[in-house]
Amino acid sequence: MLNERNPKDSGDEKEVPGSDQGKEITQSVRDDPNYDRCMKYVMDMKKQIILDNNDAYRAFLNCGTSILTPAMFGAYPQSPTAQQYFKAFKYFFKGWFILHKYSKSVVESEEDCEFLKPAFHAYSNGEMTEHHLFSQFQPPDNTPVIIDQYLKLRPSDIFAKYCKVILVHHPNLNKKKCEHFSDFEFQKNLIVTGEKFIHKRSPYVHFSEVDKSMVKSLYYKLGAIYVTTSQGKRALNSFQKSYDLDKTNVSALYGIAFQCMEIDPDKAISLFLQFIDQYLNVINSMRMLITSWHFYI
């Protein structure tokens, strides 16, 4: 089980930069009786992925570098980045708990849908808030089947539809199907799924903040996939569209600058400087958060 004590010391907790306010912010999550169970699952899942996954690309997607806990975010209560991660953590924690509590193998009633709805909405909101935490809270293996059955009863639930798209990006949730996929086929499936969703929801981005956030997130994901498949022009276009929808999207801005390095070096330099200048506070917040990780790993 993941805990916040150094196994090499006498049992005293390590002190980290922060305040009593930060500790209070995260206390409610740590006191949740399901928290220990959840974090133990996360640790076991990470180890198993590393052991079982022979595909370097998928291992890269799913393994990550460390386990994040609420205490890390609470150490920096004034950091926008830390609070963003903490917000996402709570979403994913809620969704993970509901899906693992659902004991049925089918969705066959409105009662079932009411039980599952908060989980799908939480995963969608968590992914839109900070997608890096998704892999830390992997849903049960049968979630793709469950969500398909849910959507047959509630086909207009946009959050559930978006959640289904998210699941496509995580091959460990479709193990049998992905065993027959090459990296090329897997990436092609991601592109097709993402483009279809964007095509359907793009007309609503100027009227709905939810659609805007979903489309923005998927444009960025597509840009990243286009980079790995050597489709530079499409990558640039996707990063640009993501950034146009949200000027605070520093990842998309960096993607645009990176894609301009060969075709327009002067523009690339200008964009990199803009990235550093306008979002230095975000970078500093992330740096503070990263430096606290070693206290908890």
# chains A, B, ... in the order shown; residues from 1 in each chain; ligands from 1
call {"tool": "residues_around", "arguments": {"residues": "segment 198-211 of chain A", "least_positions_apart": "3", "cutoff": "12 Å", "atoms": "only C-alpha atoms", "output": "ChimeraX atom specification"}}
result
/A:121,124-125,128-129,157-159,161-162,165,191-195,214-222,238,241-242,244-246
call {"tool": "write_last_selection", "arguments": {"atoms": "N, CA and C atoms", "output": "tab-separated table (two decimals), in the first residue's frame"}}
result
chain	number	residue	atom	x	y	z
A	121	HIS	N	-19.20	10.37	-15.80
A	121	HIS	CA	-19.04	11.82	-15.80
A	121	HIS	C	-17.76	12.21	-15.07
A	124	SER	N	-14.72	11.53	-17.28
A	124	SER	CA	-14.64	12.52	-18.36
A	124	SER	C	-14.12	13.86	-17.83
A	125	ASN	N	-14.68	14.30	-16.70
A	125	ASN	CA	-14.24	15.56	-16.12
A	125	ASN	C	-12.79	15.49	-15.65
A	128	MET	N	-10.52	15.73	-18.71
A	128	MET	CA	-10.47	17.09	-19.25
A	128	MET	C	-9.71	18.03	-18.33
A	129	THR	N	-9.70	17.71	-17.04
A	129	THR	CA	-8.99	18.55	-16.07
A	129	THR	C	-7.49	18.31	-16.11
A	157	ASP	N	-26.12	10.81	-23.63
A	157	ASP	CA	-25.21	11.21	-22.55
A	157	ASP	C	-23.83	11.52	-23.15
A	158	ILE	N	-23.54	12.80	-23.35
A	158	ILE	CA	-22.31	13.20	-24.01
A	158	ILE	C	-21.07	12.86	-23.17
A	159	PHE	N	-21.21	12.90	-21.85
A	159	PHE	CA	-20.07	12.57	-20.99
A	159	PHE	C	-19.71	11.09	-21.13
A	161	LYS	N	-20.31	9.27	-23.78
A	161	LYS	CA	-19.74	9.12	-25.12
A	161	LYS	C	-18.27	9.52	-25.12
A	162	TYR	N	-17.98	10.61	-24.45
A	162	TYR	CA	-16.59	11.07	-24.37
A	162	TYR	C	-15.75	10.07	-23.58
A	165	VAL	N	-14.65	7.32	-25.74
A	165	VAL	CA	-13.51	7.70	-26.59
A	165	VAL	C	-12.21	7.62	-25.79
A	191	ILE	N	-7.05	7.54	-34.07
A	191	ILE	CA	-7.30	8.69	-34.94
A	191	ILE	C	-8.74	8.69	-35.43
A	192	VAL	N	-9.21	7.56	-35.91
A	192	VAL	CA	-10.58	7.47	-36.44
A	192	VAL	C	-11.60	7.79	-35.36
A	193	THR	N	-11.41	7.22	-34.18
A	193	THR	CA	-12.35	7.45	-33.08
A	193	THR	C	-12.37	8.91	-32.67
A	194	GLY	N	-11.19	9.51	-32.56
A	194	GLY	CA	-11.12	10.91	-32.17
A	194	GLY	C	-11.70	11.84	-33.21
A	195	GLU	N	-11.41	11.59	-34.48
A	195	GLU	CA	-11.91	12.45	-35.55
A	195	GLU	C	-13.44	12.38	-35.66
A	214	MET	N	-14.05	19.14	-24.43
A	214	MET	CA	-13.85	17.80	-24.98
A	214	MET	C	-13.12	17.86	-26.33
A	215	VAL	N	-13.57	18.73	-27.19
A	215	VAL	CA	-12.98	18.85	-28.53
A	215	VAL	C	-11.54	19.34	-28.42
A	216	LYS	N	-11.31	20.31	-27.55
A	216	LYS	CA	-9.95	20.82	-27.34
A	216	LYS	C	-9.02	19.70	-26.91
A	217	SER	N	-9.46	18.89	-25.96
A	217	SER	CA	-8.65	17.79	-25.45
A	217	SER	C	-8.34	16.77	-26.54
A	218	LEU	N	-9.34	16.45	-27.36
A	218	LEU	CA	-9.13	15.45	-28.40
A	218	LEU	C	-8.27	15.98	-29.54
A	219	TYR	N	-8.37	17.27	-29.84
A	219	TYR	CA	-7.48	17.84	-30.86
A	219	TYR	C	-6.02	17.68	-30.42
A	220	TYR	N	-5.77	17.93	-29.13
A	220	TYR	CA	-4.41	17.78	-28.64
A	220	TYR	C	-3.95	16.32	-28.72
A	221	LYS	N	-4.83	15.40	-28.33
A	221	LYS	CA	-4.48	13.98	-28.41
A	221	LYS	C	-4.17	13.57	-29.85
A	222	LEU	N	-5.00	14.03	-30.77
A	222	LEU	CA	-4.76	13.71	-32.18
A	222	LEU	C	-3.43	14.29	-32.64
A	238	SER	N	-3.82	20.17	-35.74
A	238	SER	CA	-4.56	19.74	-34.55
A	238	SER	C	-4.13	20.53	-33.32
A	241	LYS	N	-5.63	24.02	-33.56
A	241	LYS	CA	-7.06	24.05	-33.25
A	241	LYS	C	-7.31	23.89	-31.75
A	242	SER	N	-6.50	23.06	-31.12
A	242	SER	CA	-6.63	22.90	-29.67
A	242	SER	C	-6.30	24.21	-28.96
A	244	ASP	N	-6.40	27.24	-30.25
A	244	ASP	CA	-7.39	28.27	-30.58
A	244	ASP	C	-8.61	28.19	-29.67
A	245	LEU	N	-8.92	27.00	-29.21
A	245	LEU	CA	-10.07	26.82	-28.31
A	245	LEU	C	-9.74	27.18	-26.87
A	246	ASP	N	-8.46	27.18	-26.53
A	246	ASP	CA	-8.05	27.49	-25.16
A	246	ASP	C	-6.63	28.06	-25.18
call {"tool": "closest_residue", "arguments": {"among": "A:Asp141, A:Glu114, A:Glu108, A:Glu127", "to": "Ser213 of chain A", "atoms": "only C-alpha atoms"}}
result
A:Glu127
call {"tool": "residues_around", "arguments": {"residues": "Ala257 of chain A", "least_positions_apart": "3", "cutoff": "12 Å", "atoms": "only C-alpha atoms", "output": "compact mmCIF listing (two decimals) with all heavy atoms, in the first residue's frame"}}
result
# COMPACT_ATOMS: atom_id res chain seq x y z
N GLY A 232 3.28 15.51 -39.87
CA GLY A 232 3.58 16.81 -39.32
C GLY A 232 2.52 17.88 -39.56
O GLY A 232 2.18 18.63 -38.65
N ALA A 235 -0.47 17.22 -37.48
CA ALA A 235 -0.14 17.47 -36.07
C ALA A 235 -0.22 18.97 -35.78
O ALA A 235 -0.82 19.39 -34.79
CB ALA A 235 1.25 16.94 -35.75
N LEU A 236 0.41 19.77 -36.64
CA LEU A 236 0.39 21.22 -36.48
C LEU A 236 -1.03 21.75 -36.49
O LEU A 236 -1.41 22.59 -35.66
CB LEU A 236 1.22 21.88 -37.58
CG LEU A 236 1.25 23.41 -37.59
CD1 LEU A 236 1.80 23.95 -36.29
CD2 LEU A 236 2.08 23.91 -38.78
N ASN A 237 -1.83 21.27 -37.42
CA ASN A 237 -3.22 21.71 -37.54
C ASN A 237 -4.01 21.37 -36.28
O ASN A 237 -4.81 22.18 -35.78
CB ASN A 237 -3.87 21.06 -38.76
CG ASN A 237 -5.31 21.52 -38.97
OD1 ASN A 237 -5.59 22.71 -39.08
ND2 ASN A 237 -6.23 20.56 -39.00
N PHE A 239 -2.81 20.73 -33.16
CA PHE A 239 -2.33 21.52 -32.03
C PHE A 239 -2.86 22.95 -32.10
O PHE A 239 -3.25 23.54 -31.09
CB PHE A 239 -0.80 21.54 -31.99
CG PHE A 239 -0.17 20.25 -31.55
CD1 PHE A 239 0.94 19.74 -32.21
CD2 PHE A 239 -0.69 19.53 -30.48
CE1 PHE A 239 1.54 18.56 -31.81
CE2 PHE A 239 -0.10 18.34 -30.07
CZ PHE A 239 1.01 17.86 -30.74
N GLN A 240 -2.88 23.50 -33.32
CA GLN A 240 -3.36 24.87 -33.50
C GLN A 240 -4.84 24.98 -33.13
O GLN A 240 -5.26 25.94 -32.47
CB GLN A 240 -3.14 25.32 -34.94
CG GLN A 240 -3.50 26.78 -35.19
CD GLN A 240 -2.59 27.74 -34.45
OE1 GLN A 240 -1.39 27.74 -34.64
NE2 GLN A 240 -3.18 28.56 -33.58
N TYR A 243 -5.24 24.85 -29.40
CA TYR A 243 -4.82 26.11 -28.79
C TYR A 243 -5.83 27.23 -29.06
O TYR A 243 -6.08 28.08 -28.20
CB TYR A 243 -3.44 26.51 -29.30
CG TYR A 243 -2.89 27.76 -28.65
CD1 TYR A 243 -2.53 27.76 -27.31
CD2 TYR A 243 -2.72 28.93 -29.39
CE1 TYR A 243 -2.02 28.91 -26.70
CE2 TYR A 243 -2.22 30.08 -28.80
CZ TYR A 243 -1.87 30.06 -27.46
OH TYR A 243 -1.37 31.19 -26.87
N VAL A 250 -0.97 25.29 -22.62
CA VAL A 250 0.47 25.40 -22.87
C VAL A 250 1.02 24.20 -23.63
O VAL A 250 1.97 24.32 -24.40
CB VAL A 250 1.24 25.57 -21.54
CG1 VAL A 250 0.91 26.89 -20.91
CG2 VAL A 250 0.95 24.42 -20.59
N SER A 251 0.42 23.03 -23.44
CA SER A 251 0.89 21.84 -24.15
C SER A 251 0.68 21.99 -25.65
O SER A 251 1.54 21.63 -26.46
CB SER A 251 0.16 20.60 -23.63
OG SER A 251 0.46 20.36 -22.27
N ALA A 252 -0.49 22.52 -26.03
CA ALA A 252 -0.77 22.73 -27.45
C ALA A 252 0.16 23.79 -28.04
O ALA A 252 0.63 23.66 -29.17
CB ALA A 252 -2.23 23.13 -27.64
N LEU A 253 0.41 24.85 -27.27
CA LEU A 253 1.31 25.90 -27.73
C LEU A 253 2.70 25.33 -27.98
O LEU A 253 3.34 25.65 -29.00
CB LEU A 253 1.37 27.02 -26.70
CG LEU A 253 2.32 28.19 -27.02
CD1 LEU A 253 1.95 28.86 -28.34
CD2 LEU A 253 2.32 29.20 -25.88
N TYR A 254 3.17 24.50 -27.09
CA TYR A 254 4.48 23.87 -27.27
C TYR A 254 4.47 22.98 -28.51
O TYR A 254 5.44 22.95 -29.27
CB TYR A 254 4.83 23.04 -26.04
CG TYR A 254 6.21 22.42 -26.11
CD1 TYR A 254 7.33 23.11 -25.65
CD2 TYR A 254 6.40 21.15 -26.66
CE1 TYR A 254 8.60 22.56 -25.72
CE2 TYR A 254 7.66 20.58 -26.74
CZ TYR A 254 8.76 21.29 -26.27
OH TYR A 254 10.01 20.74 -26.34
N CYS A 260 6.85 23.79 -35.83
CA CYS A 260 7.34 24.88 -36.68
C CYS A 260 8.86 24.93 -36.77
O CYS A 260 9.40 25.74 -37.54
CB CYS A 260 6.83 26.23 -36.15
SG CYS A 260 5.07 26.52 -36.41
N MET A 261 9.55 24.12 -36.03
CA MET A 261 11.01 24.19 -35.96
C MET A 261 11.67 24.03 -37.32
O MET A 261 12.64 24.72 -37.64
CB MET A 261 11.55 23.13 -34.99
CG MET A 261 11.28 23.47 -33.53
SD MET A 261 11.84 22.17 -32.39
CE MET A 261 13.61 22.19 -32.70
N GLU A 262 11.15 23.14 -38.15
CA GLU A 262 11.76 22.90 -39.46
C GLU A 262 11.16 23.78 -40.56
O GLU A 262 11.87 24.26 -41.43
CB GLU A 262 11.62 21.43 -39.84
CG GLU A 262 12.44 20.49 -38.97
CD GLU A 262 12.40 19.07 -39.50
OE1 GLU A 262 11.81 18.85 -40.58
OE2 GLU A 262 12.96 18.18 -38.84
N ILE A 263 9.85 24.00 -40.50
CA ILE A 263 9.20 24.74 -41.59
C ILE A 263 9.29 26.25 -41.42
O ILE A 263 9.23 27.00 -42.40
CB ILE A 263 7.72 24.32 -41.73
CG1 ILE A 263 6.96 24.62 -40.43
CG2 ILE A 263 7.61 22.85 -42.09
CD1 ILE A 263 5.47 24.33 -40.53
N ASP A 264 9.42 26.73 -40.17
CA ASP A 264 9.49 28.16 -39.92
C ASP A 264 10.22 28.40 -38.59
O ASP A 264 9.60 28.68 -37.57
CB ASP A 264 8.08 28.76 -39.86
CG ASP A 264 8.09 30.27 -39.91
OD1 ASP A 264 9.15 30.87 -39.64
OD2 ASP A 264 7.04 30.87 -40.22
N PRO A 265 11.57 28.31 -38.61
CA PRO A 265 12.37 28.42 -37.38
C PRO A 265 12.13 29.72 -36.61
O PRO A 265 12.08 29.72 -35.38
CB PRO A 265 13.81 28.32 -37.89
CG PRO A 265 13.69 27.58 -39.18
CD PRO A 265 12.40 28.02 -39.78
N ASP A 266 11.98 30.83 -37.33
CA ASP A 266 11.78 32.12 -36.65
C ASP A 266 10.46 32.11 -35.87
O ASP A 266 10.39 32.60 -34.74
CB ASP A 266 11.76 33.26 -37.67
CG ASP A 266 13.13 33.52 -38.28
OD1 ASP A 266 14.13 33.13 -37.63
OD2 ASP A 266 13.19 34.07 -39.39
N LYS A 267 9.42 31.56 -36.47
CA LYS A 267 8.13 31.48 -35.79
C LYS A 267 8.24 30.54 -34.59
O LYS A 267 7.66 30.80 -33.53
CB LYS A 267 7.06 30.98 -36.75
CG LYS A 267 5.68 30.89 -36.11
CD LYS A 267 4.62 30.45 -37.12
CE LYS A 267 3.24 30.38 -36.45
NZ LYS A 267 2.19 29.95 -37.42
N ALA A 268 8.98 29.45 -34.77
CA ALA A 268 9.15 28.49 -33.67
C ALA A 268 9.80 29.16 -32.47
O ALA A 268 9.36 28.99 -31.33
CB ALA A 268 9.98 27.30 -34.14
N ILE A 269 10.86 29.95 -32.71
CA ILE A 269 11.54 30.64 -31.62
C ILE A 269 10.60 31.60 -30.93
O ILE A 269 10.54 31.68 -29.70
CB ILE A 269 12.78 31.38 -32.16
CG1 ILE A 269 13.83 30.39 -32.64
CG2 ILE A 269 13.37 32.30 -31.08
CD1 ILE A 269 15.02 31.04 -33.33
N SER A 270 9.83 32.34 -31.73
CA SER A 270 8.88 33.29 -31.17
C SER A 270 7.84 32.59 -30.29
O SER A 270 7.49 33.06 -29.20
CB SER A 270 8.17 34.05 -32.31
OG SER A 270 7.18 34.91 -31.80
N LEU A 271 7.36 31.44 -30.76
CA LEU A 271 6.36 30.71 -30.00
C LEU A 271 6.95 30.10 -28.72
O LEU A 271 6.28 30.06 -27.68
CB LEU A 271 5.75 29.60 -30.87
CG LEU A 271 4.85 30.08 -32.01
CD1 LEU A 271 4.47 28.91 -32.91
CD2 LEU A 271 3.60 30.76 -31.46
N PHE A 272 8.19 29.62 -28.81
CA PHE A 272 8.84 29.08 -27.61
C PHE A 272 9.02 30.18 -26.56
O PHE A 272 8.82 29.95 -25.37
CB PHE A 272 10.19 28.46 -27.96
CG PHE A 272 10.10 27.07 -28.49
CD1 PHE A 272 10.72 26.72 -29.69
CD2 PHE A 272 9.41 26.08 -27.80
CE1 PHE A 272 10.64 25.43 -30.19
CE2 PHE A 272 9.33 24.78 -28.30
CZ PHE A 272 9.95 24.45 -29.48
N LEU A 273 9.40 31.38 -27.02
CA LEU A 273 9.54 32.51 -26.09
C LEU A 273 8.20 32.89 -25.48
O LEU A 273 8.10 33.22 -24.30
CB LEU A 273 10.16 33.71 -26.82
CG LEU A 273 11.62 33.56 -27.22
CD1 LEU A 273 12.07 34.76 -28.06
CD2 LEU A 273 12.51 33.40 -26.00
N GLN A 274 7.15 32.81 -26.30
CA GLN A 274 5.80 33.09 -25.80
C GLN A 274 5.41 32.05 -24.76
O GLN A 274 4.82 32.38 -23.72
CB GLN A 274 4.81 33.07 -26.96
CG GLN A 274 3.36 33.32 -26.53
CD GLN A 274 2.38 33.20 -27.70
OE1 GLN A 274 2.79 33.22 -28.86
NE2 GLN A 274 1.11 33.06 -27.39
N PHE A 275 5.75 30.81 -25.06
CA PHE A 275 5.47 29.71 -24.13
C PHE A 275 6.13 29.97 -22.78
O PHE A 275 5.51 29.83 -21.72
CB PHE A 275 5.98 28.40 -24.75
CG PHE A 275 5.95 27.22 -23.83
CD1 PHE A 275 4.79 26.48 -23.65
CD2 PHE A 275 7.09 26.84 -23.14
CE1 PHE A 275 4.77 25.38 -22.81
CE2 PHE A 275 7.09 25.74 -22.29
CZ PHE A 275 5.92 25.01 -22.12
N ILE A 276 7.39 30.36 -22.81
CA ILE A 276 8.13 30.60 -21.57
C ILE A 276 7.62 31.84 -20.86
O ILE A 276 7.41 31.85 -19.64
CB ILE A 276 9.63 30.73 -21.88
CG1 ILE A 276 10.18 29.41 -22.42
CG2 ILE A 276 10.41 31.16 -20.63
CD1 ILE A 276 11.60 29.51 -22.95
call {"tool": "select_by_dssp", "arguments": {"residues": "segment 89-210 of chain A", "states": "alpha helix (DSSP H)", "output": "JSON, numbers by chain"}}
result
{"A": [89, 90, 91, 92, 93, 94, 95, 96, 97, 98, 99, 100, 101, 110, 111, 112, 113, 114, 115, 116, 117, 118, 119, 120, 121, 122, 123, 124, 125, 126, 127, 128, 129, 143, 144, 145, 146, 147, 148, 149, 150, 151, 152, 153, 158, 159, 160, 161, 162, 163, 164, 165, 166, 167, 168, 175, 176, 177, 178, 183, 184, 185, 186, 187, 188, 189, 190, 191, 192, 193, 194, 195, 196, 197, 198, 199, 200, 201, 209, 210]}
call {"tool": "atom_distance", "arguments": {"atom1": "atom CA of Gln149 of chain A", "atom2": "atom CA of Val107 of chain A"}}
result
5.6 Å
call {"tool": "residues_around", "arguments": {"residues": "Tyr85 of chain A", "least_positions_apart": "5", "cutoff": "8 Å", "atoms": "only C-alpha atoms", "output": "ChimeraX atom specification"}}
result
/A:73,129-130,133
call {"tool": "closest_residue", "arguments": {"among": "A:Ala82, A:Ile147, A:Ala88, A:Met72", "to": "Asp112 of chain A", "atoms": "only C-alpha atoms"}}
result
A:Ile147
call {"tool": "atom_distance", "arguments": {"atom1": "atom CA of Ala119 of chain A", "atom2": "atom CA of Ala160 of chain A"}}
result
9.0 Å
call {"tool": "closest_residue", "arguments": {"among": "A:Gln78, A:Asn189, A:Thr69, A:Thr143", "to": "His100 of chain A", "atoms": "only C-alpha atoms"}}
result
A:Thr143
call {"tool": "residues_around", "arguments": {"residues": "Cys113 of chain A", "least_positions_apart": "5", "cutoff": "8 Å", "atoms": "only C-alpha atoms", "output": "list in words"}}
result
Val107, Tyr150, Leu153 and Arg154 of chain A
call {"tool": "atom_distance", "arguments": {"atom1": "atom CA of Phe137 of chain A", "atom2": "atom CA of Lys212 of chain A"}}
result
24.3 Å
call {"tool": "residues_around", "arguments": {"residues": "Gly126 of chain A", "least_positions_apart": "5", "cutoff": "8 Å", "atoms": "only C-alpha atoms", "output": "PyMOL selection string"}}
result
chain A and resi 87-92+131+133-134
call {"tool": "write_last_selection", "arguments": {"atoms": "C-alpha atoms", "output": "PDB file, in the first residue's frame"}}
result
ATOM      1  CA  LYS A  87      -9.201  18.449  -8.714  1.00  0.00           C
ATOM      2  CA  ALA A  88      -8.546  15.760 -11.328  1.00  0.00           C
ATOM      3  CA  PHE A  89      -7.463  13.321  -8.618  1.00  0.00           C
ATOM      4  CA  LYS A  90     -10.839  13.693  -6.859  1.00  0.00           C
ATOM      5  CA  TYR A  91     -12.727  13.149 -10.117  1.00  0.00           C
ATOM      6  CA  PHE A  92     -10.809   9.984 -10.968  1.00  0.00           C
ATOM      7  CA  HIS A 131      -5.481  13.640 -18.426  1.00  0.00           C
ATOM      8  CA  LEU A 133      -3.901  10.910 -14.029  1.00  0.00           C
ATOM      9  CA  PHE A 134      -6.184   8.628 -16.035  1.00  0.00           C
TER      10      PHE A 134
END
